[in-house]
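Before any comments, here is the structure.
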Amino acid sequence: MSWENNIRRVVPYTPGEQPKQQNIVKLNTNENPYPPAPGAAEVLAGFDTALLRKYPDPNAQMLVDAIAKTYGVRPGQVFVGVGSDDVLSMAFMTFFNSEKPILFPDVTYSFYDVWADVYRIPYETVPLDADWRIRPNDYARPNGGIVFPNPNAPTGVLESLDTIEQILQANPDSIVIVDEAYIDFGGVSALPLLDKYDNLLVVQTFSKSRSMAGIRIGFAIGSEKLIGYMNDVKFSVNSYTMNHLTIQCGAASLADEPYFRDCCGRIVKTREAAKEKLASMGFSFPDSKANFLFATHETVDAGRIFEALKQRSIFVRHWDKPRIAPYLRITIGTDEEMAKLYAALEDILREEAGK
């Protein structure tokens, strides 16, 4: 059919499986196993449903102000969106319009190449080194922009602020986006570098450390000029991206810092215990500073482990892609969930050893 000649075709992003059955151990999408801050539940319980007939504040000012206060920046430096995916998509649309290719790692968040294809942005992937690390010199070449996660996904490897600053220094004419979806689990944010580099955009999310993946809040912090450009694009596409309930729940979540710190601390403690347990079973992995581990076994194929776990109603993530096919990405769950994972893995490894 001739009309198909004008269709934009891309290979879509493949999200982690969302199984519908009950009584599973879900460790495949890096969700937080603990509830959001109690204040969010209070908002839900007392929400005035009469607000649903009215458009929300297009600026989401209550949430913007709460983020600005929490992170010590001006409200004009904050952009909010429907999850960090929405924020990153808007950033790609706003900033990556050069004929030069944008740069991102070869092993990274697999949405980046999808957005590049959707928006017809040329791109090149830059290989990580043998230890899954970024080499700053690899980014010291002509480009139309740079984006990378820190800690990286799916490896969990954290880059230093020195590495990020080297990339910024080498690229004064490019927008550099640091995607910090997992920064709260042991990393140091690049936010302090904003005072020195007006071409830096830092993106974070409420989905991981704030336990709010289901309500969809992401945000970016940068110079007021960068944020202004992003808002111009946003208001040209959809002025009402944040609903009343989301705005209120997000602001309430930010008001409870002790709960947030305690929740992150529990996950970090479980993660470090998981490193010891999995290593004793023959797994190896980079030193993750995220809420997941990127693990490979010394003798058993990752694909076989993935399928065997799934048969036991335990879901982890596996990609049949170059470099990462031998690895599983395992989200850190509660101690009880991790105990079920260990028991299943021990059973699977015994079965494999007996073949």
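Within each chain, counting starts at residue 1; across the structure tokens, chains are named A, B, ... in the order shown, with ligands numbered 1 upward in that order.
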Do you know which residues are at most 12 Å from Gly76 in chain A counting only C-alpha atoms, after dropping those on the same chain fewer than 2 positions away, and could you put them as a PDB file with C-alpha atoms, in the first residue's frame?
ATOM      1  CA  ASN A  59       3.916  24.505  35.233  1.00  0.00           C
ATOM      2  CA  GLN A  61       4.662  24.695  40.232  1.00  0.00           C
ATOM      3  CA  VAL A  64       8.837  22.245  40.736  1.00  0.00           C
ATOM      4  CA  ASP A  65       9.181  24.338  43.902  1.00  0.00           C
ATOM      5  CA  ILE A  67      12.252  19.791  43.822  1.00  0.00           C
ATOM      6  CA  ALA A  68      14.085  23.114  43.754  1.00  0.00           C
ATOM      7  CA  LYS A  69      14.020  23.343  47.549  1.00  0.00           C
ATOM      8  CA  GLY A  72      19.116  23.636  46.436  1.00  0.00           C
ATOM      9  CA  VAL A  73      18.450  25.206  43.034  1.00  0.00           C
ATOM     10  CA  ARG A  74      16.116  27.867  41.669  1.00  0.00           C
ATOM     11  CA  VAL A  78      13.816  22.564  37.150  1.00  0.00           C
ATOM     12  CA  PHE A  79      11.905  20.767  34.391  1.00  0.00           C
ATOM     13  CA  VAL A  80       9.373  18.051  35.234  1.00  0.00           C
ATOM     14  CA  ALA A 220      15.831  17.644  34.924  1.00  0.00           C
ATOM     15  CA  ILE A 221      17.989  20.302  36.520  1.00  0.00           C
ATOM     16  CA  GLY A 222      20.173  22.614  34.473  1.00  0.00           C
ATOM     17  CA  SER A 223      20.778  26.258  33.734  1.00  0.00           C
ATOM     18  CA  GLU A 224      17.679  28.408  33.484  1.00  0.00           C
ATOM     19  CA  LYS A 225      18.418  28.885  29.780  1.00  0.00           C
ATOM     20  CA  LEU A 226      18.429  25.122  29.109  1.00  0.00           C
ATOM     21  CA  ILE A 227      15.259  24.580  31.125  1.00  0.00           C
ATOM     22  CA  GLY A 228      13.580  27.467  29.340  1.00  0.00           C
ATOM     23  CA  TYR A 229      14.276  25.852  25.974  1.00  0.00           C
ATOM     24  CA  MET A 230      12.877  22.533  27.206  1.00  0.00           C
ATOM     25  CA  ASN A 231       9.699  24.184  28.462  1.00  0.00           C
TER      26      ASN A 231
END
Nearby residues (only C-alpha atoms) at most 7 Å from range 148-156 of chain A, same-chain spacing under 4 positions excluded, as a list of chain:residue names: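 The neighbour list is A:Phe104, A:Pro105, A:Thr108, A:Tyr109, A:Ile177, A:Val178, A:Asp179, A:Glu180, A:Tyr182, A:Ile183, A:Pro286, A:Ser288, A:Lys289, A:Ala290, A:Phe292, A:Leu293, A:Phe294, A:Arg329.
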Which is closest to Lys277 in chain A among A:Tyr327, A:Ala339, A:Val300, A:Trp3, if we use only C-alpha atoms? A:Ala339
Distance CA of Leu88 in chain A-CA of Ser236 in chain A, one decimal place?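 A separation of 16.2 Å between them.
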Given only C-alpha atoms as the basis, pick out the residue of A:Leu161, A:Asp57, A:Pro142, A:Lys310 nearest to Ile247 in chain A. A:Asp57
